[in-house]
Amino acid sequence: MDPRKIIIALDGHSSCGKSTYAKRIAAELGYAYIDTGAMYRAATLACMDAGLFDNTDSPSLEKVEAKLEDVELDLRFNAEKQRTEIFLNNRMLEDLIRSMEVSNHVSYISTLPAVRRKMVEYQRGLGEGKGVVMDGRDIGTVVFPHAEMKIFLTASEEIRATRRYKELIEKGMPANYEDVLENISKRDRIDSSREDSPLKQAEDSLVLDNSQMTVDEQMEWFRKAFRQVRGATNA
Ligand code: DC
């Protein structure tokens, strides 16, 4: 293990640009980028495909747990597309998991402790060798409470909704701005109020509100903060 490599935990609200930011940081440092939201989304899609959401928005814990037994997740880097893709039992899901339907069900699935236990175990394994930028909601508080660098990213609800709406339209996916805004607001509420691992700022995290910032400006902020962390950890 390279002793200079650290774990960077990037938490924050839905659609505030965590994955774009995490990818840029990972590329600059030569670190691996790990999108933990994709894991919760993939588990949700597996439940949807099994018909668990057909007549309800909150399928029973027993049914979800039984489904999870045969959920095998795998993250692979696609060199041609320069992106990490998530596979569920060897099926590539990267685009399917971004749909509004998955976004509408994922918060429920991610409130379930049995789901969280499985995901956190997998995530800790991926961070063992350090040199990772991991984005999510509970990375700095639960998954890696001792991460050397923690960033909490946020932006106003309207700005986040506009960004997510544009992203869906660009991908050719059906979207309506009001629905996107409502989904973001609902997910904020559920993510922040759930009992198990709610979204909250770790006490030792650096907070960045990127509402009025470009990605380049965020990278400038990051470089400065990273130098300070490096200095403090002597890494
Ligand atoms: O980052 P995202 O929007 O793709 O995440 C999808 C959902 O997964 C989000 O609504 C909350 C949940 N999630 C979580 O509970 N814990 C994480 N570490 C990452 C995501």
# chains A, B, ... in the order shown; residues from 1 in each chain; ligands from 1
>>> residues_near_ligand(ligand="ligand 1", cutoff="8 Å", atoms="only C-alpha atoms and all ligand atoms", output="VMD selection string")
chain A and resid 11 13 to 15 18 to 19 35 to 41 98 103 106 to 107 110 to 111 116 135 to 139 187 to 188 190 to 191 197 to 199
>>> write_last_selection(atoms="N, CA, C and O atoms", output="short mmCIF file (atom, residue, chain, number, x, y, z; two decimals), in the first residue's frame")
data_model
loop_
_atom_site.label_atom_id
_atom_site.label_comp_id
_atom_site.auth_asym_id
_atom_site.auth_seq_id
_atom_site.Cartn_x
_atom_site.Cartn_y
_atom_site.Cartn_z
N ASP A 11 -19.33 13.47 0.97
CA ASP A 11 -20.76 13.29 1.25
C ASP A 11 -21.52 14.54 0.88
O ASP A 11 -20.94 15.62 0.73
N HIS A 13 -25.80 16.24 -0.28
CA HIS A 13 -27.19 16.06 -0.73
C HIS A 13 -27.26 15.46 -2.13
O HIS A 13 -26.27 15.43 -2.86
N SER A 14 -28.46 15.02 -2.49
CA SER A 14 -28.69 14.46 -3.83
C SER A 14 -28.42 15.52 -4.89
O SER A 14 -28.78 16.69 -4.71
N SER A 15 -27.82 15.09 -5.97
CA SER A 15 -27.64 15.95 -7.16
C SER A 15 -26.89 17.25 -6.90
O SER A 15 -27.22 18.28 -7.49
N LYS A 18 -21.72 15.64 -6.69
CA LYS A 18 -20.69 14.84 -6.00
C LYS A 18 -19.93 13.95 -6.97
O LYS A 18 -18.71 13.86 -6.89
N SER A 19 -20.66 13.29 -7.88
CA SER A 19 -19.95 12.32 -8.71
C SER A 19 -19.01 13.02 -9.71
O SER A 19 -17.89 12.57 -9.93
N ASP A 35 -18.60 5.17 -6.47
CA ASP A 35 -19.91 5.81 -6.38
C ASP A 35 -20.83 4.89 -5.56
O ASP A 35 -21.34 3.90 -6.07
N THR A 36 -21.02 5.22 -4.28
CA THR A 36 -21.81 4.30 -3.45
C THR A 36 -23.31 4.42 -3.72
O THR A 36 -24.05 3.47 -3.49
N GLY A 37 -23.74 5.59 -4.23
CA GLY A 37 -25.16 5.73 -4.59
C GLY A 37 -25.54 4.71 -5.65
O GLY A 37 -26.65 4.16 -5.65
N ALA A 38 -24.59 4.43 -6.57
CA ALA A 38 -24.86 3.45 -7.64
C ALA A 38 -25.17 2.08 -7.04
O ALA A 38 -25.96 1.31 -7.59
N MET A 39 -24.53 1.78 -5.90
CA MET A 39 -24.76 0.47 -5.28
C MET A 39 -26.19 0.39 -4.74
O MET A 39 -26.87 -0.62 -4.91
N TYR A 40 -26.64 1.47 -4.06
CA TYR A 40 -28.02 1.47 -3.54
C TYR A 40 -29.01 1.46 -4.70
O TYR A 40 -30.07 0.84 -4.64
N ARG A 41 -28.65 2.14 -5.78
CA ARG A 41 -29.53 2.17 -6.95
C ARG A 41 -29.62 0.77 -7.58
O ARG A 41 -30.69 0.34 -8.01
N ARG A 98 -30.06 5.16 -13.39
CA ARG A 98 -30.22 6.61 -13.26
C ARG A 98 -31.65 7.06 -13.55
O ARG A 98 -31.93 8.26 -13.54
N SER A 103 -34.82 6.45 -8.97
CA SER A 103 -34.64 7.56 -8.02
C SER A 103 -35.81 7.63 -7.04
O SER A 103 -35.64 8.01 -5.88
N VAL A 106 -35.25 4.47 -4.50
CA VAL A 106 -33.97 4.18 -3.85
C VAL A 106 -33.91 4.65 -2.39
O VAL A 106 -33.29 4.00 -1.55
N SER A 107 -34.58 5.74 -2.06
CA SER A 107 -34.51 6.22 -0.68
C SER A 107 -35.10 5.20 0.28
O SER A 107 -34.57 4.98 1.36
N SER A 110 -32.69 2.37 0.73
CA SER A 110 -31.50 2.72 1.51
C SER A 110 -31.81 3.07 2.97
O SER A 110 -30.89 3.36 3.73
N THR A 111 -33.09 3.02 3.37
CA THR A 111 -33.37 3.17 4.81
C THR A 111 -33.20 1.83 5.54
O THR A 111 -33.14 1.79 6.76
N ARG A 116 -28.03 -1.58 4.16
CA ARG A 116 -26.87 -0.74 4.48
C ARG A 116 -25.69 -1.58 4.95
O ARG A 116 -24.54 -1.34 4.58
N ASP A 135 -17.91 8.60 -2.87
CA ASP A 135 -18.98 9.57 -2.62
C ASP A 135 -20.25 8.89 -2.16
O ASP A 135 -20.51 7.74 -2.50
N GLY A 136 -21.02 9.60 -1.30
CA GLY A 136 -22.25 9.03 -0.77
C GLY A 136 -22.92 9.94 0.23
O GLY A 136 -22.92 11.17 0.06
N ARG A 137 -23.49 9.33 1.27
CA ARG A 137 -24.19 10.11 2.29
C ARG A 137 -23.59 9.89 3.68
O ARG A 137 -23.70 10.73 4.56
N ASP A 138 -22.97 8.72 3.86
CA ASP A 138 -22.51 8.31 5.20
C ASP A 138 -21.05 7.88 5.18
O ASP A 138 -20.61 7.12 6.02
N ILE A 139 -20.30 8.34 4.18
CA ILE A 139 -18.92 7.84 4.04
C ILE A 139 -18.04 8.37 5.18
O ILE A 139 -17.32 7.61 5.82
N ARG A 187 -36.06 13.12 -1.34
CA ARG A 187 -34.88 12.32 -0.98
C ARG A 187 -34.07 13.00 0.13
O ARG A 187 -33.56 12.35 1.03
N ASP A 188 -33.97 14.34 0.07
CA ASP A 188 -33.27 15.07 1.15
C ASP A 188 -33.92 14.75 2.48
O ASP A 188 -33.23 14.46 3.46
N ILE A 190 -35.91 12.17 3.34
CA ILE A 190 -35.74 10.76 3.78
C ILE A 190 -34.28 10.50 4.17
O ILE A 190 -34.00 9.91 5.21
N ASP A 191 -33.35 10.97 3.34
CA ASP A 191 -31.92 10.70 3.61
C ASP A 191 -31.49 11.30 4.95
O ASP A 191 -30.68 10.72 5.67
N SER A 197 -27.81 5.58 9.82
CA SER A 197 -26.85 6.34 9.03
C SER A 197 -27.47 7.51 8.26
O SER A 197 -27.33 7.58 7.04
N PRO A 198 -28.16 8.42 8.93
CA PRO A 198 -28.73 9.56 8.20
C PRO A 198 -27.65 10.43 7.57
O PRO A 198 -26.51 10.43 8.06
N LEU A 199 -28.05 11.15 6.53
CA LEU A 199 -27.12 12.09 5.91
C LEU A 199 -26.88 13.23 6.89
O LEU A 199 -27.81 13.95 7.26
#
>>> residues_around(residues="A:Asn104", least_positions_apart="5", cutoff="10 Å", atoms="only C-alpha atoms", output="mmCIF file with N, CA, C and O atoms, in the first residue's frame")
data_model
loop_
_atom_site.group_PDB
_atom_site.id
_atom_site.type_symbol
_atom_site.label_atom_id
_atom_site.label_comp_id
_atom_site.auth_asym_id
_atom_site.auth_seq_id
_atom_site.Cartn_x
_atom_site.Cartn_y
_atom_site.Cartn_z
ATOM 1 N N THR A 44 -31.789 -1.412 -5.627
ATOM 2 C CA THR A 44 -33.187 -1.003 -5.846
ATOM 3 C C THR A 44 -33.709 -1.577 -7.155
ATOM 4 O O THR A 44 -34.829 -2.110 -7.220
ATOM 5 N N ASP A 57 -45.019 0.929 -2.430
ATOM 6 C CA ASP A 57 -43.795 1.743 -2.462
ATOM 7 C C ASP A 57 -42.821 1.292 -1.382
ATOM 8 O O ASP A 57 -41.710 1.791 -1.297
ATOM 9 N N SER A 99 -32.566 6.146 -13.863
ATOM 10 C CA SER A 99 -33.928 6.550 -14.232
ATOM 11 C C SER A 99 -34.667 7.176 -13.046
ATOM 12 O O SER A 99 -34.318 6.936 -11.881
ATOM 13 N N VAL A 180 -38.567 16.441 -10.874
ATOM 14 C CA VAL A 180 -37.176 16.291 -10.423
ATOM 15 C C VAL A 180 -36.989 17.038 -9.100
ATOM 16 O O VAL A 180 -36.415 16.506 -8.143
ATOM 17 N N GLU A 182 -39.259 17.790 -6.897
ATOM 18 C CA GLU A 182 -39.985 17.098 -5.825
ATOM 19 C C GLU A 182 -39.214 15.868 -5.357
ATOM 20 O O GLU A 182 -39.112 15.585 -4.162
ATOM 21 N N ASN A 183 -38.636 15.149 -6.325
ATOM 22 C CA ASN A 183 -37.863 13.954 -5.977
ATOM 23 C C ASN A 183 -36.641 14.315 -5.117
ATOM 24 O O ASN A 183 -36.341 13.641 -4.126
ATOM 25 N N ILE A 184 -35.970 15.397 -5.473
ATOM 26 C CA ILE A 184 -34.779 15.813 -4.727
ATOM 27 C C ILE A 184 -35.161 16.214 -3.307
ATOM 28 O O ILE A 184 -34.521 15.819 -2.325
ATOM 29 N N LYS A 186 -37.795 15.300 -1.620
ATOM 30 C CA LYS A 186 -38.239 14.121 -0.868
ATOM 31 C C LYS A 186 -37.025 13.288 -0.424
ATOM 32 O O LYS A 186 -36.939 12.830 0.719
ATOM 33 N N ARG A 187 -36.063 13.124 -1.341
ATOM 34 C CA ARG A 187 -34.878 12.324 -0.978
ATOM 35 C C ARG A 187 -34.071 13.003 0.130
ATOM 36 O O ARG A 187 -33.561 12.346 1.027
#
>>> atom_distance(atom1="atom CA of A:Ser156", atom2="atom CA of A:Glu217")
17.3 Å
>>> select_by_dssp(residues="stretch 49-130 of chain A", states="helix (DSSP H, G or I)", output="PDB file with N, CA and C atoms, in the first residue's frame")
ATOM      1  N   ASP A  49     -36.966  -5.185 -10.514  1.00  0.00           N
ATOM      2  CA  ASP A  49     -37.030  -6.245 -11.534  1.00  0.00           C
ATOM      3  C   ASP A  49     -37.708  -7.498 -10.994  1.00  0.00           C
ATOM      4  N   LEU A  61     -39.370  -5.946   4.496  1.00  0.00           N
ATOM      5  CA  LEU A  61     -37.950  -6.176   4.739  1.00  0.00           C
ATOM      6  C   LEU A  61     -37.567  -7.608   4.373  1.00  0.00           C
ATOM      7  N   GLU A  62     -38.463  -8.565   4.691  1.00  0.00           N
ATOM      8  CA  GLU A  62     -38.171  -9.981   4.396  1.00  0.00           C
ATOM      9  C   GLU A  62     -37.953 -10.176   2.894  1.00  0.00           C
ATOM     10  N   LYS A  63     -38.840  -9.568   2.107  1.00  0.00           N
ATOM     11  CA  LYS A  63     -38.724  -9.749   0.651  1.00  0.00           C
ATOM     12  C   LYS A  63     -37.436  -9.112   0.126  1.00  0.00           C
ATOM     13  N   VAL A  64     -37.123  -7.918   0.630  1.00  0.00           N
ATOM     14  CA  VAL A  64     -35.911  -7.240   0.156  1.00  0.00           C
ATOM     15  C   VAL A  64     -34.676  -8.045   0.577  1.00  0.00           C
ATOM     16  N   GLU A  65     -34.684  -8.519   1.813  1.00  0.00           N
ATOM     17  CA  GLU A  65     -33.528  -9.286   2.298  1.00  0.00           C
ATOM     18  C   GLU A  65     -33.325 -10.553   1.481  1.00  0.00           C
ATOM     19  N   ALA A  66     -34.436 -11.214   1.153  1.00  0.00           N
ATOM     20  CA  ALA A  66     -34.337 -12.445   0.358  1.00  0.00           C
ATOM     21  C   ALA A  66     -33.754 -12.125  -1.013  1.00  0.00           C
ATOM     22  N   LYS A  67     -34.171 -11.005  -1.591  1.00  0.00           N
ATOM     23  CA  LYS A  67     -33.676 -10.613  -2.910  1.00  0.00           C
ATOM     24  C   LYS A  67     -32.175 -10.294  -2.849  1.00  0.00           C
ATOM     25  N   LEU A  68     -31.791  -9.640  -1.747  1.00  0.00           N
ATOM     26  CA  LEU A  68     -30.382  -9.242  -1.609  1.00  0.00           C
ATOM     27  C   LEU A  68     -29.421 -10.427  -1.568  1.00  0.00           C
ATOM     28  N   GLU A  69     -29.959 -11.566  -1.114  1.00  0.00           N
ATOM     29  CA  GLU A  69     -29.120 -12.779  -1.039  1.00  0.00           C
ATOM     30  C   GLU A  69     -28.443 -13.057  -2.371  1.00  0.00           C
ATOM     31  N   LEU A  96     -29.256   2.239 -16.636  1.00  0.00           N
ATOM     32  CA  LEU A  96     -30.587   1.900 -16.116  1.00  0.00           C
ATOM     33  C   LEU A  96     -30.845   2.435 -14.709  1.00  0.00           C
ATOM     34  N   ILE A  97     -29.799   2.467 -13.894  1.00  0.00           N
ATOM     35  CA  ILE A  97     -30.003   2.869 -12.491  1.00  0.00           C
ATOM     36  C   ILE A  97     -30.226   4.368 -12.308  1.00  0.00           C
ATOM     37  N   ARG A  98     -30.062   5.156 -13.387  1.00  0.00           N
ATOM     38  CA  ARG A  98     -30.222   6.611 -13.260  1.00  0.00           C
ATOM     39  C   ARG A  98     -31.649   7.065 -13.550  1.00  0.00           C
ATOM     40  N   MET A 100     -35.721   7.947 -13.359  1.00  0.00           N
ATOM     41  CA  MET A 100     -36.536   8.574 -12.314  1.00  0.00           C
ATOM     42  C   MET A 100     -37.215   7.512 -11.451  1.00  0.00           C
ATOM     43  N   GLU A 101     -37.574   6.391 -12.080  1.00  0.00           N
ATOM     44  CA  GLU A 101     -38.264   5.343 -11.327  1.00  0.00           C
ATOM     45  C   GLU A 101     -37.349   4.792 -10.222  1.00  0.00           C
ATOM     46  N   VAL A 102     -36.099   4.561 -10.578  1.00  0.00           N
ATOM     47  CA  VAL A 102     -35.143   4.089  -9.558  1.00  0.00           C
ATOM     48  C   VAL A 102     -34.949   5.184  -8.510  1.00  0.00           C
ATOM     49  N   SER A 103     -34.820   6.448  -8.968  1.00  0.00           N
ATOM     50  CA  SER A 103     -34.642   7.559  -8.018  1.00  0.00           C
ATOM     51  C   SER A 103     -35.806   7.633  -7.037  1.00  0.00           C
ATOM     52  N   ASN A 104     -36.993   7.281  -7.505  1.00  0.00           N
ATOM     53  CA  ASN A 104     -38.167   7.353  -6.631  1.00  0.00           C
ATOM     54  C   ASN A 104     -38.197   6.247  -5.579  1.00  0.00           C
ATOM     55  N   HIS A 105     -37.556   5.111  -5.861  1.00  0.00           N
ATOM     56  CA  HIS A 105     -37.610   3.997  -4.904  1.00  0.00           C
ATOM     57  C   HIS A 105     -36.349   3.827  -4.061  1.00  0.00           C
ATOM     58  N   VAL A 106     -35.254   4.470  -4.504  1.00  0.00           N
ATOM     59  CA  VAL A 106     -33.973   4.180  -3.846  1.00  0.00           C
ATOM     60  C   VAL A 106     -33.909   4.650  -2.386  1.00  0.00           C
ATOM     61  N   SER A 107     -34.583   5.740  -2.060  1.00  0.00           N
ATOM     62  CA  SER A 107     -34.508   6.216  -0.676  1.00  0.00           C
ATOM     63  C   SER A 107     -35.101   5.199   0.280  1.00  0.00           C
ATOM     64  N   TYR A 108     -36.216   4.572  -0.129  1.00  0.00           N
ATOM     65  CA  TYR A 108     -36.816   3.553   0.746  1.00  0.00           C
ATOM     66  C   TYR A 108     -35.825   2.402   0.957  1.00  0.00           C
ATOM     67  N   ILE A 109     -35.283   1.897  -0.141  1.00  0.00           N
ATOM     68  CA  ILE A 109     -34.350   0.757  -0.041  1.00  0.00           C
ATOM     69  C   ILE A 109     -33.152   1.120   0.848  1.00  0.00           C
ATOM     70  N   PRO A 113     -31.691  -1.240   7.266  1.00  0.00           N
ATOM     71  CA  PRO A 113     -30.383  -1.569   7.851  1.00  0.00           C
ATOM     72  C   PRO A 113     -29.721  -2.783   7.203  1.00  0.00           C
ATOM     73  N   ALA A 114     -30.522  -3.784   6.802  1.00  0.00           N
ATOM     74  CA  ALA A 114     -29.911  -4.982   6.201  1.00  0.00           C
ATOM     75  C   ALA A 114     -29.212  -4.625   4.892  1.00  0.00           C
ATOM     76  N   VAL A 115     -29.811  -3.707   4.146  1.00  0.00           N
ATOM     77  CA  VAL A 115     -29.210  -3.270   2.884  1.00  0.00           C
ATOM     78  C   VAL A 115     -27.929  -2.497   3.199  1.00  0.00           C
ATOM     79  N   ARG A 116     -28.026  -1.582   4.160  1.00  0.00           N
ATOM     80  CA  ARG A 116     -26.874  -0.739   4.482  1.00  0.00           C
ATOM     81  C   ARG A 116     -25.690  -1.584   4.955  1.00  0.00           C
ATOM     82  N   ARG A 117     -25.985  -2.597   5.786  1.00  0.00           N
ATOM     83  CA  ARG A 117     -24.894  -3.458   6.287  1.00  0.00           C
ATOM     84  C   ARG A 117     -24.122  -4.072   5.138  1.00  0.00           C
ATOM     85  N   LYS A 118     -24.863  -4.602   4.172  1.00  0.00           N
ATOM     86  CA  LYS A 118     -24.223  -5.273   3.038  1.00  0.00           C
ATOM     87  C   LYS A 118     -23.384  -4.285   2.214  1.00  0.00           C
ATOM     88  N   MET A 119     -23.940  -3.110   1.980  1.00  0.00           N
ATOM     89  CA  MET A 119     -23.230  -2.112   1.156  1.00  0.00           C
ATOM     90  C   MET A 119     -21.975  -1.592   1.874  1.00  0.00           C
ATOM     91  N   VAL A 120     -22.128  -1.312   3.179  1.00  0.00           N
ATOM     92  CA  VAL A 120     -20.996  -0.747   3.933  1.00  0.00           C
ATOM     93  C   VAL A 120     -19.835  -1.746   3.971  1.00  0.00           C
ATOM     94  N   GLU A 121     -20.169  -3.022   4.125  1.00  0.00           N
ATOM     95  CA  GLU A 121     -19.119  -4.052   4.156  1.00  0.00           C
ATOM     96  C   GLU A 121     -18.344  -4.058   2.834  1.00  0.00           C
ATOM     97  N   TYR A 122     -19.088  -3.997   1.741  1.00  0.00           N
ATOM     98  CA  TYR A 122     -18.483  -3.989   0.413  1.00  0.00           C
ATOM     99  C   TYR A 122     -17.610  -2.731   0.238  1.00  0.00           C
ATOM    100  N   GLN A 123     -18.144  -1.582   0.678  1.00  0.00           N
ATOM    101  CA  GLN A 123     -17.427  -0.308   0.520  1.00  0.00           C
ATOM    102  C   GLN A 123     -16.133  -0.292   1.341  1.00  0.00           C
ATOM    103  N   ARG A 124     -16.191  -0.850   2.546  1.00  0.00           N
ATOM    104  CA  ARG A 124     -14.968  -0.864   3.371  1.00  0.00           C
ATOM    105  C   ARG A 124     -13.891  -1.708   2.697  1.00  0.00           C
ATOM    106  N   GLY A 125     -14.316  -2.793   2.085  1.00  0.00           N
ATOM    107  CA  GLY A 125     -13.362  -3.662   1.371  1.00  0.00           C
ATOM    108  C   GLY A 125     -12.695  -2.894   0.233  1.00  0.00           C
ATOM    109  N   LEU A 126     -13.487  -2.100  -0.478  1.00  0.00           N
ATOM    110  CA  LEU A 126     -12.952  -1.357  -1.626  1.00  0.00           C
ATOM    111  C   LEU A 126     -11.964  -0.267  -1.194  1.00  0.00           C
TER     112      LEU A 126
END
>>> residues_around(residues="A:Asn89", least_positions_apart="4", cutoff="12 Å", atoms="only C-alpha atoms", output="PyMOL selection string")
chain A and resi 42-43+46+68-75+93
>>> write_last_selection(atoms="all heavy atoms", output="mmCIF file, in the first residue's frame")
data_model
loop_
_atom_site.group_PDB
_atom_site.id
_atom_site.type_symbol
_atom_site.label_atom_id
_atom_site.label_comp_id
_atom_site.auth_asym_id
_atom_site.auth_seq_id
_atom_site.Cartn_x
_atom_site.Cartn_y
_atom_site.Cartn_z
ATOM 1 N N ALA A 42 -28.483 0.075 -7.674
ATOM 2 C CA ALA A 42 -28.475 -1.262 -8.282
ATOM 3 C C ALA A 42 -29.309 -2.233 -7.442
ATOM 4 O O ALA A 42 -30.077 -3.043 -7.982
ATOM 5 C CB ALA A 42 -27.039 -1.763 -8.430
ATOM 6 N N ALA A 43 -29.193 -2.131 -6.130
ATOM 7 C CA ALA A 43 -29.987 -3.004 -5.246
ATOM 8 C C ALA A 43 -31.482 -2.702 -5.442
ATOM 9 O O ALA A 43 -32.322 -3.609 -5.458
ATOM 10 C CB ALA A 43 -29.588 -2.779 -3.794
ATOM 11 N N ALA A 46 -32.696 -4.212 -8.665
ATOM 12 C CA ALA A 46 -32.872 -5.669 -8.519
ATOM 13 C C ALA A 46 -34.234 -5.947 -7.885
ATOM 14 O O ALA A 46 -34.950 -6.870 -8.308
ATOM 15 C CB ALA A 46 -31.745 -6.246 -7.656
ATOM 16 N N LEU A 68 -31.791 -9.640 -1.747
ATOM 17 C CA LEU A 68 -30.382 -9.242 -1.609
ATOM 18 C C LEU A 68 -29.421 -10.427 -1.568
ATOM 19 O O LEU A 68 -28.256 -10.303 -1.906
ATOM 20 C CB LEU A 68 -30.182 -8.431 -0.328
ATOM 21 C CG LEU A 68 -30.522 -6.952 -0.346
ATOM 22 C CD1 LEU A 68 -30.068 -6.301 0.934
ATOM 23 C CD2 LEU A 68 -29.858 -6.257 -1.529
ATOM 24 N N GLU A 69 -29.959 -11.566 -1.114
ATOM 25 C CA GLU A 69 -29.120 -12.779 -1.039
ATOM 26 C C GLU A 69 -28.443 -13.057 -2.371
ATOM 27 O O GLU A 69 -27.306 -13.495 -2.423
ATOM 28 C CB GLU A 69 -29.989 -14.000 -0.698
ATOM 29 C CG GLU A 69 -30.640 -13.926 0.647
ATOM 30 C CD GLU A 69 -29.789 -14.590 1.707
ATOM 31 O OE1 GLU A 69 -29.290 -15.685 1.424
ATOM 32 O OE2 GLU A 69 -29.636 -13.993 2.783
ATOM 33 N N ASP A 70 -29.199 -12.836 -3.476
ATOM 34 C CA ASP A 70 -28.560 -13.147 -4.763
ATOM 35 C C ASP A 70 -28.101 -11.900 -5.525
ATOM 36 O O ASP A 70 -27.992 -11.914 -6.740
ATOM 37 C CB ASP A 70 -29.448 -14.069 -5.638
ATOM 38 C CG ASP A 70 -30.854 -13.549 -5.798
ATOM 39 O OD1 ASP A 70 -31.025 -12.398 -6.254
ATOM 40 O OD2 ASP A 70 -31.781 -14.291 -5.457
ATOM 41 N N VAL A 71 -27.839 -10.822 -4.780
ATOM 42 C CA VAL A 71 -27.319 -9.616 -5.423
ATOM 43 C C VAL A 71 -25.798 -9.592 -5.297
ATOM 44 O O VAL A 71 -25.257 -9.526 -4.200
ATOM 45 C CB VAL A 71 -27.943 -8.348 -4.782
ATOM 46 C CG1 VAL A 71 -27.132 -7.110 -5.099
ATOM 47 C CG2 VAL A 71 -29.379 -8.159 -5.257
ATOM 48 N N GLU A 72 -25.140 -9.694 -6.425
ATOM 49 C CA GLU A 72 -23.677 -9.678 -6.453
ATOM 50 C C GLU A 72 -23.237 -8.427 -7.213
ATOM 51 O O GLU A 72 -23.439 -8.354 -8.437
ATOM 52 C CB GLU A 72 -23.213 -10.945 -7.174
ATOM 53 C CG GLU A 72 -21.768 -11.333 -6.972
ATOM 54 C CD GLU A 72 -21.425 -11.654 -5.511
ATOM 55 O OE1 GLU A 72 -22.089 -12.510 -4.903
ATOM 56 O OE2 GLU A 72 -20.488 -11.003 -5.014
ATOM 57 N N LEU A 73 -22.712 -7.442 -6.511
ATOM 58 C CA LEU A 73 -22.319 -6.196 -7.172
ATOM 59 C C LEU A 73 -20.839 -6.206 -7.534
ATOM 60 O O LEU A 73 -20.030 -6.812 -6.847
ATOM 61 C CB LEU A 73 -22.583 -5.001 -6.250
ATOM 62 C CG LEU A 73 -24.032 -4.682 -5.928
ATOM 63 C CD1 LEU A 73 -24.110 -3.553 -4.916
ATOM 64 C CD2 LEU A 73 -24.806 -4.326 -7.188
ATOM 65 N N ASP A 74 -20.532 -5.485 -8.602
ATOM 66 C CA ASP A 74 -19.153 -5.439 -9.050
ATOM 67 C C ASP A 74 -18.918 -4.088 -9.744
ATOM 68 O O ASP A 74 -19.736 -3.690 -10.578
ATOM 69 C CB ASP A 74 -18.964 -6.588 -10.062
ATOM 70 C CG ASP A 74 -17.518 -6.852 -10.359
ATOM 71 O OD1 ASP A 74 -16.666 -6.343 -9.613
ATOM 72 O OD2 ASP A 74 -17.247 -7.567 -11.349
ATOM 73 N N LEU A 75 -17.855 -3.399 -9.391
ATOM 74 C CA LEU A 75 -17.532 -2.138 -10.071
ATOM 75 C C LEU A 75 -16.368 -2.391 -11.013
ATOM 76 O O LEU A 75 -15.345 -2.926 -10.592
ATOM 77 C CB LEU A 75 -17.119 -1.070 -9.054
ATOM 78 C CG LEU A 75 -18.189 -0.497 -8.137
ATOM 79 C CD1 LEU A 75 -17.570 0.480 -7.152
ATOM 80 C CD2 LEU A 75 -19.267 0.201 -8.932
ATOM 81 N N LEU A 93 -25.368 -2.120 -15.453
ATOM 82 C CA LEU A 93 -26.575 -1.357 -15.110
ATOM 83 C C LEU A 93 -26.388 0.146 -15.145
ATOM 84 O O LEU A 93 -27.318 0.885 -14.819
ATOM 85 C CB LEU A 93 -27.000 -1.699 -13.671
ATOM 86 C CG LEU A 93 -27.436 -3.102 -13.351
ATOM 87 C CD1 LEU A 93 -27.839 -3.165 -11.900
ATOM 88 C CD2 LEU A 93 -28.604 -3.493 -14.229
#
>>> atom_distance(atom1="atom CA of A:Ala147", atom2="atom CA of A:Leu45")
29.7 Å
>>> select_by_dssp(residues="stretch 20-103 of chain A", states="strand (DSSP E or B)", output="PyMOL selection string")
chain A and resi 32-35+73-78+83-88+91-92
>>> residues_around(residues="A:Asp95", least_positions_apart="6", cutoff="10 Å", atoms="only C-alpha atoms", output="VMD selection string")
chain A and resid 85 to 86 171 173
>>> residues_around(residues="A:Ile34", least_positions_apart="5", cutoff="8 Å", atoms="only C-alpha atoms", output="count of residues only")
5
>>> residues_around(residues="stretch 207-209 of chain A", least_positions_apart="3", cutoff="7 Å", atoms="only C-alpha atoms", output="compact mmCIF listing (two decimals) with N, CA, C and O atoms, in the first residue's frame")
# COMPACT_ATOMS: atom_id res chain seq x y z
N ILE A 151 -15.15 15.73 2.87
CA ILE A 151 -15.74 16.93 2.27
C ILE A 151 -17.26 16.75 2.30
O ILE A 151 -17.77 15.67 1.96
N PHE A 152 -17.96 17.80 2.70
CA PHE A 152 -19.42 17.78 2.67
C PHE A 152 -19.85 18.82 1.65
O PHE A 152 -19.64 20.02 1.82
N LEU A 153 -20.46 18.31 0.56
CA LEU A 153 -20.82 19.18 -0.56
C LEU A 153 -22.31 19.50 -0.53
O LEU A 153 -23.14 18.62 -0.27
N THR A 154 -22.64 20.74 -0.80
CA THR A 154 -24.05 21.09 -0.84
C THR A 154 -24.30 22.20 -1.86
O THR A 154 -23.35 22.83 -2.35
N ALA A 155 -25.59 22.40 -2.20
CA ALA A 155 -26.00 23.47 -3.12
C ALA A 155 -27.50 23.65 -2.93
O ALA A 155 -28.16 22.75 -2.38
>>> atom_distance(atom1="atom CA of A:Arg230", atom2="atom CA of A:Arg76")
28.7 Å
>>> decode(residues="stretch 188-192 of chain A", atoms="N, CA, C and O atoms", output="CSV table (one decimal), in the first residue's frame")
chain,number,residue,atom,x,y,z
A,188,ASP,N,-34.0,14.3,0.1
A,188,ASP,CA,-33.3,15.1,1.1
A,188,ASP,C,-33.9,14.7,2.5
A,188,ASP,O,-33.2,14.5,3.5
A,189,ARG,N,-35.3,14.8,2.5
A,189,ARG,CA,-36.0,14.6,3.7
A,189,ARG,C,-35.8,13.1,4.2
A,189,ARG,O,-35.4,12.9,5.4
A,190,ILE,N,-35.9,12.2,3.3
A,190,ILE,CA,-35.7,10.8,3.8
A,190,ILE,C,-34.3,10.5,4.2
A,190,ILE,O,-34.0,9.9,5.2
A,191,ASP,N,-33.3,11.0,3.3
A,191,ASP,CA,-31.9,10.7,3.6
A,191,ASP,C,-31.5,11.3,5.0
A,191,ASP,O,-30.7,10.7,5.7
A,192,SER,N,-32.0,12.5,5.3
A,192,SER,CA,-31.6,13.2,6.5
A,192,SER,C,-32.3,12.7,7.7
A,192,SER,O,-31.8,12.9,8.9
